[in-house]
>>> print(open('upload03.pdb').read())   # PDB, C-alpha atoms and all ligand atoms
MODEL        1
ATOM      1  CA  MET A   1     -16.272  36.714 128.174
ATOM      2  CA  LYS A   2     -15.918  39.358 125.472
ATOM      3  CA  PRO A   3     -19.194  40.146 123.683
ATOM      4  CA  PRO A   4     -19.204  39.057 120.051
ATOM      5  CA  LEU A   5     -18.453  41.970 117.777
ATOM      6  CA  HIS A   6     -20.338  40.661 114.801
ATOM      7  CA  ILE A   7     -24.078  41.031 114.718
ATOM      8  CA  ALA A   8     -26.376  38.109 115.176
ATOM      9  CA  THR A   9     -28.872  38.653 112.381
ATOM     10  CA  PRO A  10     -29.651  35.258 110.957
ATOM     11  CA  TRP A  11     -30.604  35.527 107.336
ATOM     12  CA  PRO A  12     -31.355  32.861 104.841
ATOM     13  CA  ARG A  13     -28.365  31.403 103.103
ATOM     14  CA  SER A  14     -30.674  28.627 102.108
ATOM     15  CA  PRO A  15     -30.135  25.955  99.479
ATOM     16  CA  GLU A  16     -32.722  27.921  97.488
ATOM     17  CA  ALA A  17     -30.530  31.056  97.307
ATOM     18  CA  PRO A  18     -29.561  31.623  93.664
ATOM     19  CA  ALA A  19     -26.240  30.301  92.417
ATOM     20  CA  VAL A  20     -23.751  33.148  91.962
ATOM     21  CA  LEU A  21     -20.637  31.229  91.003
ATOM     22  CA  SER A  22     -20.864  27.930  89.170
ATOM     23  CA  ILE A  23     -17.658  26.019  88.644
ATOM     24  CA  GLU A  24     -17.942  23.048  86.355
ATOM     25  CA  ARG A  25     -15.306  20.375  85.752
ATOM     26  CA  LEU A  26     -12.482  22.850  86.150
ATOM     27  CA  SER A  27      -8.941  21.614  85.580
ATOM     28  CA  LYS A  28      -5.595  23.371  85.389
ATOM     29  CA  ARG A  29      -2.275  22.152  84.048
ATOM     30  CA  PHE A  30       0.849  24.290  84.091
ATOM     31  CA  GLU A  31       3.506  23.873  81.410
ATOM     32  CA  THR A  32       6.887  23.257  83.008
ATOM     33  CA  ASN A  33       9.896  24.654  81.092
ATOM     34  CA  GLY A  34      10.159  22.018  78.406
ATOM     35  CA  ALA A  35       9.505  19.190  80.864
ATOM     36  CA  GLY A  36       5.882  18.614  79.976
ATOM     37  CA  SER A  37       3.139  19.788  82.251
ATOM     38  CA  VAL A  38       1.927  19.372  85.785
ATOM     39  CA  SER A  39      -1.689  18.859  86.755
ATOM     40  CA  VAL A  40      -2.585  21.194  89.627
ATOM     41  CA  LEU A  41      -6.380  21.126  89.690
ATOM     42  CA  ARG A  42      -8.494  18.279  88.387
ATOM     43  CA  ASP A  43     -12.193  18.178  87.764
ATOM     44  CA  ILE A  44     -13.411  20.722  90.295
ATOM     45  CA  SER A  45     -17.139  21.386  90.418
ATOM     46  CA  PHE A  46     -19.098  23.354  92.967
ATOM     47  CA  THR A  47     -21.638  26.127  93.254
ATOM     48  CA  ALA A  48     -21.472  29.155  95.527
ATOM     49  CA  ARG A  49     -24.869  30.579  96.378
ATOM     50  CA  ARG A  50     -25.654  34.218  97.005
ATOM     51  CA  GLY A  51     -24.362  35.312 100.392
ATOM     52  CA  GLU A  52     -22.565  32.060 101.123
ATOM     53  CA  MET A  53     -19.298  32.034 103.041
ATOM     54  CA  ILE A  54     -17.210  29.168 101.721
ATOM     55  CA  CYS A  55     -13.842  28.417 103.305
ATOM     56  CA  ILE A  56     -11.257  26.430 101.409
ATOM     57  CA  LEU A  57      -8.803  24.311 103.382
ATOM     58  CA  GLY A  58      -6.036  22.133 102.016
ATOM     59  CA  ARG A  59      -2.343  21.310 102.139
ATOM     60  CA  SER A  60       0.183  23.751 100.788
ATOM     61  CA  GLY A  61       0.469  23.344  97.034
ATOM     62  CA  CYS A  62      -2.957  21.762  96.485
ATOM     63  CA  GLY A  63      -4.008  24.582  94.178
ATOM     64  CA  LYS A  64      -6.106  26.908  96.352
ATOM     65  CA  SER A  65      -4.482  30.105  95.083
ATOM     66  CA  THR A  66      -4.568  28.746  91.549
ATOM     67  CA  LEU A  67      -8.317  28.237  91.877
ATOM     68  CA  LEU A  68      -8.833  31.769  93.203
ATOM     69  CA  ASN A  69      -6.698  33.183  90.384
ATOM     70  CA  ILE A  70      -8.895  31.381  87.856
ATOM     71  CA  LEU A  71     -12.098  32.608  89.514
ATOM     72  CA  ALA A  72     -10.672  36.145  89.539
ATOM     73  CA  GLY A  73      -9.962  35.812  85.806
ATOM     74  CA  PHE A  74      -6.194  36.322  86.252
ATOM     75  CA  ILE A  75      -5.388  32.972  84.654
ATOM     76  CA  ALA A  76      -7.353  30.678  82.366
ATOM     77  CA  PRO A  77      -8.305  27.121  83.256
ATOM     78  CA  SER A  78      -7.071  24.295  81.015
ATOM     79  CA  SER A  79     -10.616  22.994  80.816
ATOM     80  CA  GLY A  80     -13.968  23.508  82.456
ATOM     81  CA  THR A  81     -16.027  26.623  82.997
ATOM     82  CA  VAL A  82     -16.596  29.331  85.567
ATOM     83  CA  ARG A  83     -19.882  31.175  85.426
ATOM     84  CA  LEU A  84     -20.914  34.234  87.366
ATOM     85  CA  ASN A  85     -24.687  34.623  87.394
ATOM     86  CA  GLY A  86     -24.782  32.313  84.417
ATOM     87  CA  GLN A  87     -22.250  34.269  82.334
ATOM     88  CA  PRO A  88     -18.854  32.701  81.531
ATOM     89  CA  VAL A  89     -15.904  34.377  83.287
ATOM     90  CA  SER A  90     -12.786  34.802  81.208
ATOM     91  CA  ARG A  91     -11.109  37.942  82.569
ATOM     92  CA  PRO A  92     -10.937  40.077  85.696
ATOM     93  CA  GLY A  93     -13.942  42.204  86.529
ATOM     94  CA  PRO A  94     -15.134  44.501  89.305
ATOM     95  CA  ASP A  95     -17.769  41.923  90.217
ATOM     96  CA  ARG A  96     -15.001  39.710  91.700
ATOM     97  CA  CYS A  97     -12.434  41.297  93.989
ATOM     98  CA  VAL A  98      -9.415  39.666  95.593
ATOM     99  CA  VAL A  99      -7.819  40.259  98.982
ATOM    100  CA  PHE A 100      -4.380  38.680  99.277
ATOM    101  CA  GLN A 101      -2.303  37.657 102.284
ATOM    102  CA  ASP A 102       0.076  40.542 101.676
ATOM    103  CA  ASP A 103      -1.607  43.851 101.196
ATOM    104  CA  ALA A 104      -1.460  45.133  97.629
ATOM    105  CA  LEU A 105      -1.737  48.805  98.582
ATOM    106  CA  PHE A 106      -0.136  51.589  96.570
ATOM    107  CA  PRO A 107       2.676  52.826  98.833
ATOM    108  CA  TRP A 108       2.617  56.329  97.323
ATOM    109  CA  LEU A 109      -1.070  56.868  98.107
ATOM    110  CA  THR A 110      -2.586  57.599 101.506
ATOM    111  CA  VAL A 111      -5.066  55.239 103.137
ATOM    112  CA  ARG A 112      -7.918  57.449 101.904
ATOM    113  CA  GLU A 113      -6.517  57.582  98.354
ATOM    114  CA  ASN A 114      -5.994  53.804  98.307
ATOM    115  CA  ILE A 115      -9.636  53.274  99.242
ATOM    116  CA  ALA A 116     -10.776  55.851  96.681
ATOM    117  CA  PHE A 117      -8.630  54.455  93.857
ATOM    118  CA  GLY A 118     -11.106  51.950  92.421
ATOM    119  CA  LEU A 119     -13.853  54.567  92.227
ATOM    120  CA  LYS A 120     -11.879  56.753  89.813
ATOM    121  CA  LYS A 121     -13.646  55.530  86.716
ATOM    122  CA  ARG A 122     -17.029  55.023  88.302
ATOM    123  CA  PRO A 123     -19.766  57.336  87.065
ATOM    124  CA  MET A 124     -20.394  59.027  90.398
ATOM    125  CA  ASP A 125     -20.135  62.695  91.299
ATOM    126  CA  ARG A 126     -17.210  63.887  93.435
ATOM    127  CA  ALA A 127     -19.225  64.548  96.563
ATOM    128  CA  ARG A 128     -20.733  61.062  96.462
ATOM    129  CA  LYS A 129     -17.293  59.479  95.938
ATOM    130  CA  LYS A 130     -15.939  61.443  98.877
ATOM    131  CA  SER A 131     -18.766  60.383 101.167
ATOM    132  CA  GLU A 132     -18.411  56.753 100.080
ATOM    133  CA  VAL A 133     -14.697  56.833 100.920
ATOM    134  CA  GLU A 134     -15.416  58.284 104.374
ATOM    135  CA  ARG A 135     -18.144  55.681 104.913
ATOM    136  CA  PHE A 136     -15.803  52.809 104.134
ATOM    137  CA  LEU A 137     -12.963  54.338 106.164
ATOM    138  CA  SER A 138     -15.347  54.388 109.091
ATOM    139  CA  LEU A 139     -16.699  50.880 108.438
ATOM    140  CA  VAL A 140     -13.196  49.431 108.810
ATOM    141  CA  GLY A 141     -12.411  51.633 111.815
ATOM    142  CA  LEU A 142      -9.811  53.855 110.147
ATOM    143  CA  THR A 143     -11.465  57.267 110.205
ATOM    144  CA  ASP A 144      -8.507  58.792 112.029
ATOM    145  CA  PHE A 145      -5.929  57.270 109.688
ATOM    146  CA  GLY A 146      -7.117  58.458 106.277
ATOM    147  CA  ASP A 147      -4.055  60.654 105.744
ATOM    148  CA  TYR A 148      -1.501  58.034 106.748
ATOM    149  CA  PHE A 149       0.625  56.238 104.183
ATOM    150  CA  PRO A 150       0.753  52.409 104.146
ATOM    151  CA  HIS A 151       4.247  52.362 105.690
ATOM    152  CA  GLU A 152       2.886  54.340 108.649
ATOM    153  CA  ILE A 153       0.233  51.787 109.684
ATOM    154  CA  SER A 154       0.312  48.225 111.084
ATOM    155  CA  GLY A 155      -0.248  44.991 109.156
ATOM    156  CA  GLY A 156      -3.762  44.650 110.567
ATOM    157  CA  MET A 157      -4.610  48.191 109.533
ATOM    158  CA  LYS A 158      -3.250  47.526 106.043
ATOM    159  CA  GLN A 159      -5.602  44.571 105.729
ATOM    160  CA  ARG A 160      -8.459  46.824 106.851
ATOM    161  CA  VAL A 161      -7.549  49.159 103.987
ATOM    162  CA  SER A 162      -7.317  46.189 101.591
ATOM    163  CA  ILE A 163     -10.829  45.130 102.576
ATOM    164  CA  ALA A 164     -12.263  48.670 102.358
ATOM    165  CA  ARG A 165     -10.783  49.312  98.918
ATOM    166  CA  VAL A 166     -12.463  46.237  97.456
ATOM    167  CA  LEU A 167     -15.764  46.527  99.343
ATOM    168  CA  ILE A 168     -16.243  50.089  98.126
ATOM    169  CA  LEU A 169     -16.525  48.633  94.618
ATOM    170  CA  GLN A 170     -19.489  46.552  95.770
ATOM    171  CA  PRO A 171     -18.290  43.304  94.225
ATOM    172  CA  GLU A 172     -20.633  40.387  94.052
ATOM    173  CA  VAL A 173     -17.943  37.906  95.033
ATOM    174  CA  LEU A 174     -15.038  38.392  97.404
ATOM    175  CA  LEU A 175     -12.055  36.095  96.879
ATOM    176  CA  MET A 176      -9.808  36.067  99.939
ATOM    177  CA  ASP A 177      -6.469  34.236  99.891
ATOM    178  CA  GLU A 178      -5.253  33.737 103.467
ATOM    179  CA  PRO A 179      -5.963  37.407 104.203
ATOM    180  CA  PHE A 180      -5.204  37.206 107.919
ATOM    181  CA  ALA A 181      -2.374  34.653 107.886
ATOM    182  CA  ALA A 182       0.379  37.161 108.622
ATOM    183  CA  LEU A 183      -1.376  38.752 111.609
ATOM    184  CA  ASP A 184      -0.926  38.050 115.315
ATOM    185  CA  ALA A 185      -3.674  36.013 117.012
ATOM    186  CA  GLN A 186      -5.468  38.965 118.588
ATOM    187  CA  THR A 187      -5.455  41.133 115.456
ATOM    188  CA  ARG A 188      -6.555  38.113 113.457
ATOM    189  CA  GLU A 189      -9.562  37.658 115.727
ATOM    190  CA  GLU A 190     -10.450  41.337 115.355
ATOM    191  CA  MET A 191     -10.239  40.999 111.588
ATOM    192  CA  GLN A 192     -12.398  37.864 111.578
ATOM    193  CA  ASN A 193     -15.053  39.753 113.536
ATOM    194  CA  LEU A 194     -14.771  42.766 111.246
ATOM    195  CA  LEU A 195     -15.181  40.611 108.147
ATOM    196  CA  LEU A 196     -18.187  38.811 109.631
ATOM    197  CA  THR A 197     -19.792  42.155 110.494
ATOM    198  CA  LEU A 198     -19.245  43.463 106.957
ATOM    199  CA  TRP A 199     -20.470  40.211 105.468
ATOM    200  CA  GLU A 200     -23.707  40.386 107.456
ATOM    201  CA  LYS A 201     -24.126  43.974 106.295
ATOM    202  CA  PHE A 202     -23.373  43.566 102.596
ATOM    203  CA  LYS A 203     -24.161  39.873 102.100
ATOM    204  CA  HIS A 204     -21.372  39.190  99.635
ATOM    205  CA  THR A 205     -20.570  35.728  98.468
ATOM    206  CA  ILE A 206     -17.137  34.972  99.929
ATOM    207  CA  LEU A 207     -14.528  32.338  99.080
ATOM    208  CA  PHE A 208     -11.987  32.400 101.867
ATOM    209  CA  VAL A 209      -8.777  30.362 101.754
ATOM    210  CA  THR A 210      -7.190  29.542 105.087
ATOM    211  CA  HIS A 211      -4.890  27.006 106.736
ATOM    212  CA  ASP A 212      -6.515  27.616 110.097
ATOM    213  CA  VAL A 213      -9.263  25.093 110.845
ATOM    214  CA  GLY A 214     -10.589  27.208 113.749
ATOM    215  CA  GLU A 215     -10.887  30.210 111.444
ATOM    216  CA  ALA A 216     -12.775  28.101 108.880
ATOM    217  CA  VAL A 217     -15.210  26.734 111.477
ATOM    218  CA  LEU A 218     -15.774  30.259 112.813
ATOM    219  CA  MET A 219     -16.496  31.763 109.411
ATOM    220  CA  ALA A 220     -17.853  29.143 107.049
ATOM    221  CA  ASP A 221     -21.270  28.040 105.951
ATOM    222  CA  ARG A 222     -19.371  25.317 104.080
ATOM    223  CA  ILE A 223     -15.792  24.127 104.121
ATOM    224  CA  LEU A 224     -14.360  22.716 100.927
ATOM    225  CA  LEU A 225     -11.536  20.407 101.851
ATOM    226  CA  PHE A 226      -9.009  20.069  99.061
ATOM    227  CA  GLU A 227      -6.700  17.149  98.437
ATOM    228  CA  LYS A 228      -3.382  17.353  96.647
ATOM    229  CA  ASP A 229      -1.684  16.028  93.497
ATOM    230  CA  PRO A 230      -3.739  16.962  91.720
ATOM    231  CA  GLY A 231      -5.910  19.328  93.710
ATOM    232  CA  GLY A 232      -9.565  18.446  93.959
ATOM    233  CA  ILE A 233     -12.445  18.716  96.376
ATOM    234  CA  ARG A 234     -12.295  15.796  98.778
ATOM    235  CA  GLU A 235     -15.043  16.855 101.175
ATOM    236  CA  ASP A 236     -17.779  19.486 101.203
ATOM    237  CA  ILE A 237     -18.554  20.003 104.893
ATOM    238  CA  LYS A 238     -21.627  21.969 105.952
ATOM    239  CA  ILE A 239     -21.031  24.003 109.115
ATOM    240  CA  ASP A 240     -24.459  24.566 110.562
ATOM    241  CA  LEU A 241     -23.435  26.174 113.855
ATOM    242  CA  PRO A 242     -25.670  29.127 114.693
ATOM    243  CA  ARG A 243     -24.156  32.601 114.508
ATOM    244  CA  PRO A 244     -22.605  34.458 116.153
ATOM    245  CA  ARG A 245     -20.139  31.690 116.943
ATOM    246  CA  GLU A 246     -17.888  31.648 119.937
ATOM    247  CA  LYS A 247     -14.651  29.701 119.881
ATOM    248  CA  ASP A 248     -14.968  28.743 123.536
ATOM    249  CA  GLU A 249     -18.436  27.194 123.177
ATOM    250  CA  ARG A 250     -18.816  23.437 123.499
ATOM    251  CA  ARG A 251     -20.629  23.023 120.170
ATOM    252  CA  PHE A 252     -17.940  25.066 118.392
ATOM    253  CA  PHE A 253     -15.285  22.779 119.792
ATOM    254  CA  ALA A 254     -17.282  19.688 118.803
ATOM    255  CA  CYS A 255     -17.550  20.994 115.232
ATOM    256  CA  TYR A 256     -13.828  21.822 115.180
ATOM    257  CA  ARG A 257     -12.961  18.293 116.330
ATOM    258  CA  LYS A 258     -15.292  16.733 113.772
ATOM    259  CA  THR A 259     -13.675  18.784 111.001
ATOM    260  CA  MET A 260     -10.195  17.871 112.267
ATOM    261  CA  SER A 261     -11.088  14.186 112.264
ATOM    262  CA  ILE A 262     -12.206  14.438 108.626
ATOM    263  CA  ILE A 263      -8.931  16.200 107.756
ATOM    264  CA  ASN A 264      -6.885  13.589 109.575
ATOM    265  CA  ARG A 265      -8.599  10.795 107.658
ATOM    266  CA  LEU A 266      -7.429  12.224 104.318
TER     267      LEU A 266
HETATM  268  N1  LIG A 301       2.487  29.756  87.039
HETATM  269  C1  LIG A 301       2.794  28.525  87.467
HETATM  270  N2  LIG A 301       3.578  27.707  86.724
HETATM  271  C2  LIG A 301       3.852  26.453  87.125
HETATM  272  N3  LIG A 301       3.397  25.914  88.281
HETATM  273  C3  LIG A 301       2.617  26.677  89.054
HETATM  274  C4  LIG A 301       2.272  28.022  88.696
HETATM  275  N4  LIG A 301       1.485  28.536  89.673
HETATM  276  C5  LIG A 301       1.351  27.557  90.594
HETATM  277  N5  LIG A 301       2.023  26.450  90.234
HETATM  278  C6  LIG A 301       2.085  25.185  90.974
HETATM  279  O1  LIG A 301       0.769  24.803  91.296
HETATM  280  C7  LIG A 301       0.741  24.160  92.550
HETATM  281  C8  LIG A 301      -0.332  24.795  93.385
HETATM  282  O2  LIG A 301       0.062  26.130  93.715
HETATM  283  P1  LIG A 301      -0.893  27.089  94.561
HETATM  284  O3  LIG A 301      -0.131  28.327  94.800
HETATM  285  O4  LIG A 301      -2.200  27.177  93.892
HETATM  286  O5  LIG A 301      -1.050  26.251  95.917
HETATM  287  P2  LIG A 301      -1.760  26.660  97.283
HETATM  288  O6  LIG A 301      -2.724  25.551  97.600
HETATM  289  O7  LIG A 301      -2.290  28.024  97.189
HETATM  290  O8  LIG A 301      -0.535  26.585  98.311
HETATM  291  P3  LIG A 301      -0.282  27.444  99.652
HETATM  292  O9  LIG A 301      -1.210  26.848 100.675
HETATM  293  O10 LIG A 301       1.142  27.185  99.965
HETATM  294  O11 LIG A 301      -0.569  28.884  99.344
HETATM  295  C9  LIG A 301       2.148  24.275  93.132
HETATM  296  O12 LIG A 301       2.810  23.061  92.961
HETATM  297  C10 LIG A 301       2.778  25.363  92.307
HETATM  298  O13 LIG A 301       4.150  25.134  92.172
HETATM  299 MG    MG A 302      -1.831  29.822  98.167
ENDMDL
END
>>> encode(input="upload03.pdb", output="C-alpha cells")
Amino acid sequence: MKPPLHIATPWPRSPEAPAVLSIERLSKRFETNGAGSVSVLRDISFTARRGEMICILGRSGCGKSTLLNILAGFIAPSSGTVRLNGQPVSRPGPDRCVVFQDDALFPWLTVRENIAFGLKKRPMDRARKKSEVERFLSLVGLTDFGDYFPHEISGGMKQRVSIARVLILQPEVLLMDEPFAALDAQTREEMQNLLLTLWEKFKHTILFVTHDVGEAVLMADRILLFEKDPGGIREDIKIDLPRPREKDERRFFACYRKTMSIINRL
C-alpha cells in the first residue's frame, strides 16, 4: 500500500473555531431575456469555520458555481448576505481566491511569472517576492518547470500552478470549482494529496465543489449536499473520519456508502 502523502497532524477544526464565512438566507435569480427570471439558489444559509474543508456536492445545474461566484464577489446575490469575518462581501478581494476546473493561467507568462503575477502590487521587496515564488514553486513540486510556458506542461501541472498562484496571496478562503475534474484518476489522486498537504500547512478555509463522492469523503470535514430547482442545501453531512484517510480502508468505504445512500434518497 502506498504511504499517504499528506501529513497526519490532527488539529482542531472544532465547532468553537471562529466563523470565517457566514452565508445568510442567500438567494439568486437570473433574468432570462425578456422571459422573466429563473430562481437558481433559494434561501441558503451556512457558516464555514476557520480551517474547515467543506465539499459541495449536487446535480449539474443546482447552482454550485453560482454560489462560488457570489462568495468570490463576481456576481451579486438577489437577496441575503455573505460576510467574511463579519464584514459584508460585495466584490472580489484577495482574501478569497478561486481555482477553476480549467486553469486560468496567462499563456504568455512562464510558470514562474504566473505564480508571481498576483504579488506585483504587494508591498514586498523584490528579493522577498522572488523567494516567495521559489517557495511556492517548490511546494507544488514544480521547481524544475519555472521557465516553462503553460502550453508546455500537462493539465495536472497547470492545476499545480493554479493552486500556487492563489496560495502565494495567502487568501483566507479558497473557493475551488471542480479543480481536478479534468484530470486522469492517478493525477487526480496526486492533486488531492497535494491539496490536503497544503491545507494542513496553511490551514485555509476551503469550499470545494466536486461531483465525485469519493473525493468529497476523502477531503471534507463537512459535505453540503445541494438539491436542484431551485438550489438549496438538502443535507449537511459531517465526515468525522480520522486523517489521513485511505480510500481502501473499511471505515472510508462505510462512510462513502452512507453518503451515497443519503444522495440516493434525494
Ligand atoms: N448568468 C446567468 N444567466 C442566466 N442563468 C444562469 C447564469 N449563470 C448560471 N445560470 C443558470 O443557473 C443554473 C445553475 O448554474 P451553475 O453553473 O451554478 O450550476 P452548477 O451546479 O455549477 O452545475 P455544474 O455541476 O454543471 O457545474 C443553471 O440552470 C444555469 O443555466
Ligand atoms: Mg459548476
>>> resolve_selection(input="upload03.pdb", expression="the PyMOL selection byres (((not hetatm)) within 7 of (chain A and resi 301))", output="VMD selection string")
chain A and resid 30 to 32 40 58 to 67
>>> atom_distance(input="upload03.pdb", atom1="CA of Asp147 in chain A", atom2="CA of Thr110 in chain A")
5.4 Å
>>> atom_distance(input="upload03.pdb", atom1="CA of Pro179 in chain A", atom2="CA of Ile223 in chain A")
16.5 Å
>>> resolve_selection(input="upload03.pdb", expression="the PyMOL selection byres (((chain A and resi 221) around 7) and not hetatm)", output="list in words")
Glu52, Met53, Ile54, Met219, Ala220, Arg222, Ile223, Lys238, Ile239 and Asp240 of chain A
>>> residues_around(input="upload03.pdb", residues="Thr81 in chain A", least_positions_apart="5", cutoff="8 Å", atoms="all atoms listed in the file", output="MDAnalysis selection string")
chainID A and resid 22:26 88:89
>>> atom_distance(input="upload03.pdb", atom1="CA of Glu215 in chain A", atom2="CA of Glu172 in chain A")
22.4 Å
>>> closest_residue(input="upload03.pdb", among="A:Asn69, A:Ser78, A:Ser138, A:Thr205", to="ligand MG 302 (chain A)", atoms="all atoms listed in the file")
A:Asn69
>>> residues_around(input="upload03.pdb", residues="Arg49 in chain A", least_positions_apart="4", cutoff="10 Å", atoms="only C-alpha atoms", output="ChimeraX atom specification")
/A:13-22,53-54,85,204-206
>>> residues_around(input="upload03.pdb", residues="Leu241 in chain A", least_positions_apart="5", cutoff="8 Å", atoms="all atoms listed in the file", output="list in words")
Arg251, Phe252 and Cys255 of chain A
>>> closest_residue(input="upload03.pdb", among="A:Arg42, A:Arg29, A:His211, A:Lys121", to="ligand MG 302 (chain A)", atoms="only C-alpha atoms and all ligand atoms")
A:His211
>>> closest_residue(input="upload03.pdb", among="A:Val99, A:Gln186, A:Lys28, A:Arg265", to="Glu235 in chain A", atoms="all atoms listed in the file")
A:Arg265
>>> closest_residue(input="upload03.pdb", among="A:Gly146, A:Asn193, A:Asp102, A:Arg160", to="ligand MG 302 (chain A)", atoms="all atoms listed in the file")
A:Asp102
>>> decode(input="upload03.pdb", residues="range 221-241 of chain A", atoms="N, CA and C atoms", output="CSV table (one decimal), in the first residue's frame")
chain,number,residue,atom,x,y,z
A,221,ASP,N,-14.4,17.9,5.9
A,221,ASP,CA,-14.9,17.9,7.2
A,221,ASP,C,-16.4,17.8,7.2
A,222,ARG,N,-17.0,18.5,6.2
A,222,ARG,CA,-18.5,18.5,6.0
A,222,ARG,C,-18.8,18.5,4.6
A,223,ILE,N,-19.8,17.8,4.2
A,223,ILE,CA,-20.3,17.8,2.8
A,223,ILE,C,-21.7,18.5,2.8
A,224,LEU,N,-21.8,19.5,2.0
A,224,LEU,CA,-23.1,20.1,1.8
A,224,LEU,C,-23.7,19.5,0.6
A,225,LEU,N,-24.8,18.9,0.7
A,225,LEU,CA,-25.5,18.2,-0.4
A,225,LEU,C,-26.5,19.2,-0.9
A,226,PHE,N,-26.4,19.6,-2.2
A,226,PHE,CA,-27.3,20.5,-2.7
A,226,PHE,C,-28.5,19.8,-3.5
A,227,GLU,N,-29.6,20.4,-3.4
A,227,GLU,CA,-30.7,19.9,-4.3
A,227,GLU,C,-31.0,20.9,-5.4
A,228,LYS,N,-31.8,20.6,-6.3
A,228,LYS,CA,-31.9,21.4,-7.5
A,228,LYS,C,-33.3,22.0,-7.7
A,229,ASP,N,-33.4,23.1,-8.4
A,229,ASP,CA,-34.7,23.7,-8.8
A,229,ASP,C,-35.6,24.1,-7.7
A,230,PRO,N,-35.3,25.1,-7.0
A,230,PRO,CA,-34.0,25.9,-7.0
A,230,PRO,C,-33.0,25.2,-6.1
A,231,GLY,N,-31.8,25.6,-6.3
A,231,GLY,CA,-30.7,25.0,-5.5
A,231,GLY,C,-30.8,25.4,-4.0
A,232,GLY,N,-30.6,24.5,-3.2
A,232,GLY,CA,-30.6,24.7,-1.7
A,232,GLY,C,-29.8,23.6,-1.0
A,233,ILE,N,-29.5,23.8,0.2
A,233,ILE,CA,-28.8,22.8,1.0
A,233,ILE,C,-29.8,21.8,1.5
A,234,ARG,N,-29.6,20.5,1.0
A,234,ARG,CA,-30.6,19.5,1.5
A,234,ARG,C,-30.1,18.8,2.7
A,235,GLU,N,-28.8,18.5,2.7
A,235,GLU,CA,-28.1,17.8,3.8
A,235,GLU,C,-26.8,18.5,4.2
A,236,ASP,N,-26.5,18.5,5.4
A,236,ASP,CA,-25.1,19.0,5.9
A,236,ASP,C,-24.5,17.8,6.6
A,237,ILE,N,-23.6,17.1,5.9
A,237,ILE,CA,-23.1,15.8,6.5
A,237,ILE,C,-21.7,15.9,7.1
A,238,LYS,N,-21.6,15.6,8.3
A,238,LYS,CA,-20.3,15.7,9.0
A,238,LYS,C,-19.5,14.5,8.7
A,239,ILE,N,-18.3,14.6,8.2
A,239,ILE,CA,-17.4,13.5,7.9
A,239,ILE,C,-16.4,13.4,9.0
A,240,ASP,N,-16.6,12.5,9.9
A,240,ASP,CA,-15.6,12.6,11.1
A,240,ASP,C,-14.6,11.4,11.0
A,241,LEU,N,-14.3,11.0,9.8
A,241,LEU,CA,-13.2,10.0,9.6
A,241,LEU,C,-11.9,10.7,10.1
